[in-house]
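> So here's input_4.csv (CSV, C-alpha atoms).
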```csv
chain,number,residue,atom,x,y,z
A,1,MET,CA,0.0,0.0,0.0
A,2,ASN,CA,1.1,3.5,-0.7
A,3,ASN,CA,1.7,5.9,2.2
A,4,ILE,CA,-0.6,8.9,2.5
A,5,ASP,CA,0.2,12.0,4.6
A,6,TYR,CA,-2.0,11.9,7.6
A,7,HIS,CA,-2.7,15.7,7.2
A,8,PHE,CA,-4.4,14.7,3.9
A,9,VAL,CA,-8.2,15.3,3.7
A,10,HIS,CA,-9.9,13.8,0.7
A,11,PRO,CA,-11.7,16.6,-1.4
A,12,ALA,CA,-14.9,14.6,-1.3
A,13,PHE,CA,-15.0,14.5,2.5
A,14,LYS,CA,-18.0,16.0,4.2
A,15,LEU,CA,-19.1,16.1,7.9
A,16,ASN,CA,-22.7,16.7,8.6
A,17,GLY,CA,-23.3,18.0,5.1
A,18,PHE,CA,-20.3,20.4,4.9
A,19,HIS,CA,-17.1,20.1,2.9
A,20,LEU,CA,-14.2,20.7,5.3
A,21,ASN,CA,-10.5,21.0,5.1
A,22,GLU,CA,-7.8,20.5,7.8
A,23,ASP,CA,-8.1,24.2,9.0
A,24,ASP,CA,-11.9,23.8,9.2
A,25,LEU,CA,-11.6,20.6,11.2
A,26,ASN,CA,-9.1,22.1,13.7
A,27,ARG,CA,-11.6,25.0,14.3
A,28,ILE,CA,-14.4,22.5,14.7
A,29,ALA,CA,-12.3,20.4,17.1
A,30,TYR,CA,-11.7,23.4,19.4
A,31,SER,CA,-15.4,24.3,19.2
A,32,PHE,CA,-16.4,20.8,20.2
A,33,ILE,CA,-14.0,20.8,23.1
A,34,LYS,CA,-14.9,24.2,24.5
A,35,GLU,CA,-18.6,24.6,23.5
A,36,GLY,CA,-19.8,21.1,22.6
A,37,ASP,CA,-23.2,20.4,24.3
A,38,LEU,CA,-22.9,16.7,24.1
A,39,PRO,CA,-20.1,14.4,25.6
A,40,PHE,CA,-19.5,12.6,22.3
A,41,GLU,CA,-18.5,16.0,20.6
A,42,LYS,CA,-15.6,16.5,23.0
A,43,ALA,CA,-14.3,13.0,22.2
A,44,VAL,CA,-14.4,13.9,18.5
A,45,GLY,CA,-12.7,17.2,19.1
A,46,ASP,CA,-9.9,15.6,21.1
A,47,PHE,CA,-9.3,13.0,18.4
A,48,LEU,CA,-9.2,15.5,15.5
A,49,LEU,CA,-6.6,17.6,17.4
A,50,ASP,CA,-4.5,14.5,18.0
A,51,TRP,CA,-4.8,13.4,14.4
A,52,PHE,CA,-3.7,16.7,12.9
A,53,ASP,CA,-0.9,17.4,15.4
A,54,GLN,CA,2.8,16.8,14.5
A,55,LYS,CA,3.1,13.4,16.1
A,56,ASP,CA,3.1,10.4,13.8
A,57,TYR,CA,1.1,8.2,16.3
A,58,ILE,CA,-2.1,8.1,18.4
A,59,GLU,CA,-2.2,6.8,22.0
A,60,MET,CA,-5.0,4.3,22.7
A,61,GLN,CA,-6.1,2.1,25.5
A,62,THR,CA,-6.3,-1.6,24.6
A,63,SER,CA,-9.4,-3.6,25.4
A,64,GLY,CA,-7.5,-6.4,27.1
A,65,THR,CA,-8.2,-8.9,24.3
A,66,THR,CA,-4.6,-10.1,24.2
A,67,GLY,CA,-3.6,-9.4,27.8
A,68,VAL,CA,-3.9,-6.8,30.6
A,69,PRO,CA,-5.4,-3.5,29.2
A,70,LYS,CA,-2.6,-0.9,28.6
A,71,LEU,CA,-1.8,2.3,26.8
A,72,ILE,CA,-0.2,1.8,23.4
A,73,ARG,CA,1.0,4.0,20.5
A,74,VAL,CA,-0.6,3.3,17.2
A,75,ASP,CA,1.1,4.6,14.1
A,76,LYS,CA,-1.1,7.1,12.1
A,77,GLN,CA,0.2,5.6,8.8
A,78,ALA,CA,-0.9,2.2,10.0
A,79,MET,CA,-4.4,3.6,10.7
A,80,ILE,CA,-4.5,5.0,7.1
A,81,HIS,CA,-3.6,1.6,5.7
A,82,SER,CA,-6.3,0.0,7.8
A,83,ALA,CA,-8.8,2.5,6.5
A,84,MET,CA,-7.8,1.7,2.9
A,85,ALA,CA,-8.1,-2.0,3.5
A,86,THR,CA,-11.6,-1.6,4.8
A,87,GLY,CA,-12.6,0.5,1.8
A,88,GLU,CA,-11.2,-2.1,-0.6
A,89,PHE,CA,-12.7,-5.1,1.2
A,90,PHE,CA,-16.2,-3.7,1.6
A,91,ASP,CA,-16.2,-1.7,-1.6
A,92,LEU,CA,-16.7,1.7,0.0
A,93,PRO,CA,-15.6,4.4,-2.5
A,94,ALA,CA,-15.5,8.2,-2.2
A,95,GLY,CA,-18.8,10.1,-2.0
A,96,ILE,CA,-20.8,7.5,-0.2
A,97,ARG,CA,-23.1,8.5,2.7
A,98,VAL,CA,-22.1,7.0,6.1
A,99,LEU,CA,-23.3,7.1,9.6
A,100,HIS,CA,-20.9,7.5,12.5
A,101,CYS,CA,-22.6,6.4,15.7
A,102,LEU,CA,-19.8,4.8,17.7
A,103,PRO,CA,-17.9,6.4,20.7
A,104,THR,CA,-14.8,8.1,19.5
A,105,GLN,CA,-13.0,7.3,22.7
A,106,PHE,CA,-12.4,3.8,21.4
A,107,VAL,CA,-10.5,2.5,18.3
A,108,ALA,CA,-13.6,1.7,16.2
A,109,GLY,CA,-15.0,5.2,16.6
A,110,LYS,CA,-11.6,6.8,15.8
A,111,MET,CA,-11.2,4.6,12.7
A,112,MET,CA,-14.6,5.7,11.3
A,113,LEU,CA,-13.3,9.3,11.2
A,114,VAL,CA,-10.0,8.2,9.7
A,115,ARG,CA,-11.8,6.3,6.9
A,116,ALA,CA,-14.1,9.2,6.2
A,117,LEU,CA,-11.1,11.7,6.0
A,118,ILE,CA,-8.9,9.4,3.8
A,119,LEU,CA,-11.5,7.7,1.6
A,120,GLY,CA,-13.7,10.8,1.1
A,121,TRP,CA,-17.0,9.9,2.7
A,122,ASP,CA,-20.0,12.1,3.3
A,123,MET,CA,-20.4,11.4,7.1
A,124,ASP,CA,-23.2,12.2,9.5
A,125,LEU,CA,-22.0,12.3,13.1
A,126,VAL,CA,-24.6,11.4,15.7
A,127,ALA,CA,-24.6,10.5,19.4
A,128,PRO,CA,-23.7,6.8,20.1
A,129,THR,CA,-27.1,5.8,21.4
A,130,SER,CA,-28.8,2.4,21.3
A,131,THR,CA,-31.0,3.6,18.4
A,132,PRO,CA,-28.7,5.8,16.3
A,133,ILE,CA,-30.3,5.7,12.8
A,134,PRO,CA,-32.4,8.8,12.0
A,135,SER,CA,-35.9,8.0,10.8
A,136,ASP,CA,-35.6,10.2,7.7
A,137,GLN,CA,-32.1,9.3,6.4
A,138,ASN,CA,-30.6,6.6,4.3
A,139,TYR,CA,-27.0,5.5,4.3
A,140,ASP,CA,-24.5,3.4,2.3
A,141,PHE,CA,-22.5,2.3,5.3
A,142,ALA,CA,-22.5,2.2,9.1
A,143,ALA,CA,-20.5,0.5,11.9
A,144,MET,CA,-22.3,-0.5,15.1
A,145,VAL,CA,-22.1,-2.7,18.1
A,146,PRO,CA,-24.6,-5.6,18.2
A,147,LEU,CA,-26.7,-3.9,20.9
A,148,GLN,CA,-27.3,-1.0,18.5
A,149,ALA,CA,-28.3,-3.4,15.7
A,150,GLN,CA,-30.7,-5.2,18.1
A,151,HIS,CA,-32.5,-2.0,18.9
A,152,SER,CA,-32.5,-0.7,15.3
A,153,LEU,CA,-34.0,-3.7,13.5
A,154,GLU,CA,-36.9,-1.6,12.2
A,155,ARG,CA,-34.5,0.9,10.6
A,156,LEU,CA,-31.5,-1.2,9.5
A,157,HIS,CA,-33.0,-1.4,6.0
A,158,GLN,CA,-32.1,2.3,5.7
A,159,VAL,CA,-28.4,1.3,5.5
A,160,LYS,CA,-27.0,-0.7,2.6
A,161,LYS,CA,-24.0,-2.2,4.5
A,162,VAL,CA,-23.4,-2.5,8.2
A,163,ILE,CA,-20.4,-3.9,10.1
A,164,LEU,CA,-20.8,-5.1,13.7
A,165,GLY,CA,-18.0,-5.3,16.2
A,166,GLY,CA,-17.1,-5.0,19.9
A,167,ALA,CA,-19.1,-8.2,20.9
A,168,LYS,CA,-20.1,-11.5,19.4
A,169,VAL,CA,-23.4,-11.5,17.5
A,170,SER,CA,-25.8,-14.0,19.2
A,171,GLN,CA,-27.5,-16.7,17.3
A,172,ALA,CA,-30.9,-15.1,18.0
A,173,LEU,CA,-29.8,-11.7,16.6
A,174,SER,CA,-28.0,-13.3,13.7
A,175,GLU,CA,-31.3,-14.9,12.6
A,176,GLN,CA,-33.1,-11.6,12.8
A,177,LEU,CA,-30.4,-9.8,10.8
A,178,GLN,CA,-30.3,-12.4,8.0
A,179,ALA,CA,-34.0,-11.6,7.3
A,180,LEU,CA,-33.1,-8.0,6.4
A,181,PRO,CA,-32.2,-6.7,3.0
A,182,THR,CA,-29.1,-5.0,4.4
A,183,LYS,CA,-25.7,-6.6,3.9
A,184,ILE,CA,-24.5,-7.1,7.5
A,185,TYR,CA,-21.1,-8.3,8.5
A,186,GLU,CA,-19.6,-9.5,11.8
A,187,THR,CA,-16.0,-8.3,12.2
A,188,TYR,CA,-13.0,-9.6,14.1
A,189,GLY,CA,-10.3,-7.4,15.5
A,190,MET,CA,-8.9,-5.4,18.4
A,191,THR,CA,-7.0,-2.2,19.3
A,192,GLU,CA,-3.7,-3.9,18.6
A,193,THR,CA,-4.7,-4.6,15.0
A,194,ILE,CA,-6.3,-1.2,14.6
A,195,THR,CA,-9.9,-2.4,14.6
A,196,HIS,CA,-11.0,-5.3,12.3
A,197,ILE,CA,-8.7,-7.6,10.3
A,198,ALA,CA,-11.4,-10.0,9.2
A,199,ALA,CA,-15.2,-10.2,8.5
A,200,LYS,CA,-18.0,-12.5,7.6
A,201,ARG,CA,-21.6,-12.1,6.6
A,202,VAL,CA,-23.9,-12.8,9.6
A,203,GLY,CA,-24.9,-16.5,9.4
A,204,GLU,CA,-21.7,-17.6,7.8
A,205,GLU,CA,-19.2,-19.7,9.8
A,206,ALA,CA,-15.8,-18.6,8.5
A,207,PHE,CA,-14.1,-15.2,8.7
A,208,THR,CA,-12.3,-13.8,5.6
A,209,VAL,CA,-9.2,-11.7,6.3
A,210,LEU,CA,-8.8,-8.2,4.9
A,211,PRO,CA,-6.2,-7.3,2.2
A,212,ASN,CA,-2.5,-7.7,3.3
A,213,VAL,CA,-3.3,-9.7,6.4
A,214,ARG,CA,-1.7,-13.1,7.1
A,215,ILE,CA,-2.9,-15.6,9.7
A,216,SER,CA,-1.6,-18.7,11.5
A,217,GLU,CA,-2.1,-20.8,14.6
A,218,ASP,CA,0.3,-21.1,17.6
A,219,ASP,CA,0.8,-24.3,19.6
A,220,ARG,CA,-2.4,-23.5,21.6
A,221,HIS,CA,-4.4,-23.3,18.3
A,222,CYS,CA,-4.8,-19.6,19.0
A,223,LEU,CA,-4.9,-17.1,16.2
A,224,VAL,CA,-1.6,-15.3,15.2
A,225,ILE,CA,-2.1,-12.2,13.1
A,226,ASP,CA,0.6,-10.7,10.9
A,227,PRO,CA,-1.0,-7.7,9.3
A,228,TYR,CA,2.1,-6.4,7.4
A,229,VAL,CA,1.7,-2.6,7.2
A,230,ILE,CA,-0.8,-2.4,10.1
A,231,CYS,CA,1.4,-3.8,12.9
A,232,ASP,CA,5.2,-3.8,13.5
A,233,GLU,CA,5.1,-7.4,14.7
A,234,PRO,CA,2.7,-10.3,14.8
A,235,VAL,CA,-0.2,-10.1,17.3
A,236,VAL,CA,-0.6,-13.4,19.3
A,237,THR,CA,-4.2,-13.6,20.5
A,238,ASN,CA,-6.0,-15.8,23.0
A,239,ASP,CA,-8.7,-16.7,20.5
A,240,VAL,CA,-8.9,-20.4,19.7
A,241,VAL,CA,-9.5,-20.9,16.0
A,242,LYS,CA,-9.4,-23.3,13.1
A,243,VAL,CA,-7.4,-21.9,10.2
A,244,LEU,CA,-8.9,-23.2,7.0
A,245,ASP,CA,-6.4,-21.6,4.6
A,246,GLU,CA,-4.3,-18.5,4.2
A,247,THR,CA,-7.4,-16.2,4.2
A,248,HIS,CA,-10.1,-18.0,6.2
A,249,PHE,CA,-10.6,-19.1,9.8
A,250,ILE,CA,-13.3,-20.2,12.1
A,251,TRP,CA,-13.5,-18.7,15.6
A,252,LEU,CA,-14.1,-21.3,18.3
A,253,GLY,CA,-13.7,-19.4,21.6
A,254,ARG,CA,-11.4,-17.8,24.1
A,255,TYR,CA,-8.4,-19.8,25.3
A,256,ASP,CA,-8.8,-18.4,28.8
A,257,ASN,CA,-12.4,-19.4,28.9
A,258,VAL,CA,-11.9,-23.0,27.8
A,259,ILE,CA,-13.3,-25.5,30.4
A,260,ASN,CA,-11.6,-28.9,30.9
A,261,SER,CA,-14.4,-31.0,32.5
A,262,GLY,CA,-13.4,-34.6,33.1
A,263,GLY,CA,-10.9,-34.4,30.2
A,264,VAL,CA,-13.5,-32.9,27.7
A,265,LYS,CA,-12.7,-29.4,26.4
A,266,LEU,CA,-15.8,-27.2,26.4
A,267,PHE,CA,-15.9,-23.8,24.7
A,268,PRO,CA,-18.3,-21.5,26.6
A,269,GLU,CA,-19.0,-19.3,23.6
A,270,GLN,CA,-20.3,-22.2,21.6
A,271,ILE,CA,-22.6,-23.4,24.4
A,272,GLU,CA,-23.8,-19.8,25.0
A,273,GLU,CA,-24.7,-19.5,21.3
A,274,LYS,CA,-26.9,-22.7,21.5
A,275,LEU,CA,-28.7,-21.2,24.6
A,276,SER,CA,-29.0,-17.7,23.3
A,277,SER,CA,-32.5,-18.1,21.8
A,278,LYS,CA,-33.7,-20.0,24.9
A,279,ILE,CA,-32.8,-17.6,27.8
A,280,SER,CA,-34.1,-14.0,27.7
A,281,GLN,CA,-31.9,-12.7,30.5
A,282,ARG,CA,-28.2,-12.0,30.2
A,283,PHE,CA,-26.2,-15.1,31.0
A,284,PHE,CA,-22.9,-16.9,30.6
A,285,VAL,CA,-21.4,-20.4,31.3
A,286,LYS,CA,-18.1,-20.9,33.1
A,287,GLY,CA,-16.0,-23.6,34.7
A,288,VAL,CA,-15.6,-23.8,38.5
A,289,PRO,CA,-13.3,-26.1,40.5
A,290,ASP,CA,-14.7,-29.6,41.1
A,291,GLU,CA,-13.1,-32.5,42.9
A,292,GLU,CA,-14.3,-35.2,40.6
A,293,LEU,CA,-14.2,-33.5,37.2
A,294,GLY,CA,-11.5,-30.9,37.8
A,295,GLU,CA,-13.9,-28.3,36.5
A,296,LYS,CA,-17.6,-28.4,36.3
A,297,LEU,CA,-19.8,-26.3,34.0
A,298,VAL,CA,-22.1,-23.8,35.6
A,299,LEU,CA,-24.7,-21.5,34.0
A,300,VAL,CA,-24.9,-18.0,35.5
A,301,ILE,CA,-28.0,-15.9,34.8
A,302,GLU,CA,-28.6,-12.3,35.6
A,303,GLY,CA,-31.7,-11.6,37.7
A,304,GLU,CA,-33.8,-13.1,40.4
A,305,PRO,CA,-34.0,-17.0,40.6
A,306,ILE,CA,-36.5,-18.6,38.2
A,307,THR,CA,-37.3,-22.2,37.2
A,308,ILE,CA,-35.4,-23.3,34.1
A,309,ASP,CA,-37.2,-25.9,32.0
A,310,GLU,CA,-35.2,-28.9,30.7
A,311,GLU,CA,-36.3,-27.9,27.2
A,312,VAL,CA,-33.8,-25.0,27.4
A,313,PHE,CA,-30.9,-27.5,27.2
A,314,LYS,CA,-32.3,-29.6,24.3
A,315,LYS,CA,-29.5,-28.4,21.8
A,316,LEU,CA,-26.7,-29.3,24.2
A,317,ASN,CA,-24.8,-32.6,24.3
A,318,LYS,CA,-24.4,-34.4,27.6
A,319,PHE,CA,-21.0,-32.7,28.3
A,320,GLU,CA,-22.4,-29.2,27.6
A,321,LYS,CA,-25.3,-29.4,29.9
A,322,PRO,CA,-24.6,-27.2,33.1
A,323,LYS,CA,-24.1,-29.1,36.3
A,324,GLU,CA,-25.5,-26.1,38.3
A,325,ILE,CA,-27.5,-22.9,37.7
A,326,LEU,CA,-26.6,-19.8,39.6
A,327,PHE,CA,-28.4,-16.4,39.7
A,328,VAL,CA,-26.8,-13.0,40.2
A,329,PRO,CA,-28.9,-9.8,40.6
A,330,LYS,CA,-26.6,-7.7,38.5
A,331,PHE,CA,-23.5,-8.7,36.4
A,332,ALA,CA,-20.2,-6.9,36.9
A,333,GLU,CA,-19.2,-5.0,33.8
A,334,THR,CA,-16.3,-3.1,32.2
A,335,VAL,CA,-16.9,0.6,31.2
A,336,SER,CA,-17.7,-0.6,27.7
A,337,GLY,CA,-20.4,-3.0,28.9
A,338,LYS,CA,-18.6,-6.3,28.7
A,339,ILE,CA,-19.4,-8.8,31.4
A,340,ILE,CA,-16.6,-9.5,33.9
A,341,ARG,CA,-17.1,-13.2,34.5
A,342,ASP,CA,-14.8,-13.9,37.4
A,343,LYS,CA,-16.0,-10.9,39.4
A,344,THR,CA,-19.7,-11.8,38.7
A,345,LEU,CA,-19.1,-15.4,39.8
A,346,GLU,CA,-17.7,-14.2,43.1
A,347,GLU,CA,-21.0,-12.5,43.8
A,348,ALA,CA,-23.1,-15.6,42.9
```
Please render this file's structure as structure tokens.

Amino acid sequence: MNNIDYHFVHPAFKLNGFHLNEDDLNRIAYSFIKEGDLPFEKAVGDFLLDWFDQKDYIEMQTSGTTGVPKLIRVDKQAMIHSAMATGEFFDLPAGIRVLHCLPTQFVAGKMMLVRALILGWDMDLVAPTSTPIPSDQNYDFAAMVPLQAQHSLERLHQVKKVILGGAKVSQALSEQLQALPTKIYETYGMTETITHIAAKRVGEEAFTVLPNVRISEDDRHCLVIDPYVICDEPVVTNDVVKVLDETHFIWLGRYDNVINSGGVKLFPEQIEEKLSSKISQRFFVKGVPDEELGEKLVLVIEGEPITIDEEVFKKLNKFEKPKEILFVPKFAETVSGKIIRDKTLEEA
């Protein structure tokens, strides 16, 4: 890929209907920070000032996908290459109308702005709410988290292409999304890889990697990512996968979540997917110490205790069926809304 100066603003770029150059964007950034009425505007202003300063990197907080969360420096040129790869993979040329509805504090929200600047998109910036699609607008592209898609089912037809990230798409939501005319993709990635490095249509099993990304497995069968111009060195993940070929892989679950119950390896994410259409409350499954099995599988449900019918477990094999069901009034969460399983289990 060719390098592009990070001060470059594509002549087709528009923000909320206005053509803007670098000077305009710096003025808007200061305005958002000093006078912005909404919290998301300050985050956008902070990022724009960081993007157009003289440093060749942006500092970001990792999500903890590959280890303990930490502050890292991400090269601006690598962010540009990531933006170009997204444009090529999803066929997103200059001039398309896009909706930016993600928090700009995180990498996915920052990258939406970078893509718009570099690729020349006509971008509408809205608050990152659970129902972000305006009732009277149509778009070519948007990036969302699954929760936003879940709450926007009646309006998703107004967007031609949608990518989902930040959390796994449940089986129940996947089935609802497949019934829509919109092309909807589930993505795979993290801060260290500068957002997604692979994607698949909802309902499909295997992810396809973006241009210039190489993949392999380590001795734990975890995914190793070598994204060439995006990262300085390979990213070793804790995601157990089955690599099918040089451009496709199937995600099986998190290595640190794998349960060894009586010598049988169980992947909580696969069990949770089978249960997703059967349990309306938030839940997860996890292994806890057991003298006989080493670890036993327990089902943890958010809310007051209720009776769980055996029909709920019909899709599970005999090893996947929980040995115990626990109820917790409120799950422990990260600031981004992800469930903290160990802390939640301590309160069960």
> Would you work out the distance separating atom CA of A:Val264 from atom CA of A:Gly287, expressed in Å to one decimal?
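According to the coordinates, atom CA of A:Val264 and atom CA of A:Gly287 are separated by 11.9 Å.
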> If we count all atoms listed in the file, what is near A:Arg282 at a cut-off of 10 Å, once residues fewer than 2 positions away on the same chain are taken out, given as a ChimeraX atom specification?
/A:276,279-280,284,300-303,330-331,339
> Around (-25.6, -17.1, 20.4) in the file's own coordinates, what residues are found within 6 Å if you use all atoms listed in the file, given back as a VMD selection string?
chain A and resid 170 to 171 272 to 274 276
> Counting all atoms listed in the file, note down every residue that has an atom within 12 Å of the point (-17.2, -7.6, 6.0) (file coordinates), as a compact mmCIF listing (two decimals) with C-alpha atoms, keeping the file's coordinate frame.

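The resulting file, selection_13.txt, is reproduced below:
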```txt
# COMPACT_ATOMS: atom_id res chain seq x y z
CA ALA A 85 -8.10 -2.00 3.50
CA THR A 86 -11.60 -1.60 4.80
CA GLY A 87 -12.60 0.50 1.80
CA GLU A 88 -11.20 -2.10 -0.60
CA PHE A 89 -12.70 -5.10 1.20
CA PHE A 90 -16.20 -3.70 1.60
CA ASP A 91 -16.20 -1.70 -1.60
CA LEU A 92 -16.70 1.70 0.00
CA PHE A 141 -22.50 2.30 5.30
CA ALA A 142 -22.50 2.20 9.10
CA ALA A 143 -20.50 0.50 11.90
CA LYS A 161 -24.00 -2.20 4.50
CA VAL A 162 -23.40 -2.50 8.20
CA ILE A 163 -20.40 -3.90 10.10
CA LEU A 164 -20.80 -5.10 13.70
CA GLY A 165 -18.00 -5.30 16.20
CA LYS A 183 -25.70 -6.60 3.90
CA ILE A 184 -24.50 -7.10 7.50
CA TYR A 185 -21.10 -8.30 8.50
CA GLU A 186 -19.60 -9.50 11.80
CA THR A 187 -16.00 -8.30 12.20
CA TYR A 188 -13.00 -9.60 14.10
CA GLY A 189 -10.30 -7.40 15.50
CA HIS A 196 -11.00 -5.30 12.30
CA ILE A 197 -8.70 -7.60 10.30
CA ALA A 198 -11.40 -10.00 9.20
CA ALA A 199 -15.20 -10.20 8.50
CA LYS A 200 -18.00 -12.50 7.60
CA ARG A 201 -21.60 -12.10 6.60
CA VAL A 202 -23.90 -12.80 9.60
CA GLU A 204 -21.70 -17.60 7.80
CA ALA A 206 -15.80 -18.60 8.50
CA PHE A 207 -14.10 -15.20 8.70
CA THR A 208 -12.30 -13.80 5.60
CA VAL A 209 -9.20 -11.70 6.30
CA LEU A 210 -8.80 -8.20 4.90
CA PRO A 211 -6.20 -7.30 2.20
```
> Report, in Å with one decimal, the straight-line distance from atom CA of A:Lys321 to atom CA of A:Phe283.
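Value for the atom CA of A:Lys321-atom CA of A:Phe283 distance: 14.4 Å.
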> Nearest residue to A:Asp53 out of A:Tyr30, A:Tyr6, A:Phe13, A:Phe249, using all atoms listed in the file?
A:Tyr6
> May I ask for the distance between atom CA of A:Asp46 and atom CA of A:Val126, given in Å to one decimal place?
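So the answer is 16.2 Å.
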> Which is closest to A:Thr62 among A:Ala172, A:Ala43, A:Met190, A:Leu147, if we use only C-alpha atoms?
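Nearest to A:Thr62: A:Met190.
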> Got a sec: who's within 12 Å of A:Asn238, counting only C-alpha atoms, leaving out chain neighbours fewer than 3 positions off, as a list of chain:residue names?
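Once the adjacent positions are removed, what remains is A:Gly64, A:Thr65, A:Thr66, A:Gly67, A:Val68, A:Met190, A:Glu217, A:Asp218, A:Asp219, A:Arg220, A:His221, A:Cys222, A:Leu223, A:Val224, A:Ile225, A:Val235, A:Val241, A:Trp251, A:Leu252, A:Gly253, A:Arg254, A:Tyr255, A:Asp256, A:Asn257, A:Val258.
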> So which one's closest to A:Val74, A:Phe319, A:Val229, A:Val236, A:Ala149? Using all atoms listed in the file, please.
A:Val229
> Choose the residue, out of A:Glu246, A:Asp342, A:Glu192, A:Glu269, that has the smallest atom-to-atom separation from A:Glu233; count only C-alpha atoms.
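Answer, going by the shortest atom-to-atom distance: A:Glu192.
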> Compare A:Lys315, A:Lys265, A:Arg27, A:Lys242 by their minimum atom-to-atom distance to A:Glu205, counting only C-alpha atoms, and give me the closest one.
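For A:Glu205, the nearest of the given residues is A:Lys242.
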> Return the single residue from A:Leu15, A:Gly294, A:Gln61, A:Ile340 that is closest to A:Trp121, with distances computed using all atoms listed in the file.
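Ranking A:Leu15, A:Gly294, A:Gln61, A:Ile340 by distance to A:Trp121, first place goes to A:Leu15.
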> Please identify every residue of stretch 124-159 of chain A that has at least one atom no farther than 7 Å from an atom of stretch 93-109 of chain A, counting all atoms listed in the file, and for each give the shortest atom pair and the distance in Å to one decimal, arranged by chain then increasing number, as a tab-separated table.

```
residue	atom	partner	partner_atom	distance
A:Asp124	CA	A:Leu99	CA	5.1
A:Leu125	CA	A:His100	CA	5.0
A:Val126	CA	A:Cys101	CA	5.4
A:Ala127	CA	A:Cys101	CA	5.9
A:Pro128	CA	A:Cys101	CA	4.6
A:Pro132	CA	A:Cys101	CA	6.2
A:Tyr139	CA	A:Arg97	CA	5.2
A:Asp140	CA	A:Arg97	CA	5.3
A:Phe141	CA	A:Val98	CA	4.8
A:Ala142	CA	A:Leu99	CA	5.0
A:Met144	CA	A:Leu102	CA	6.4
```
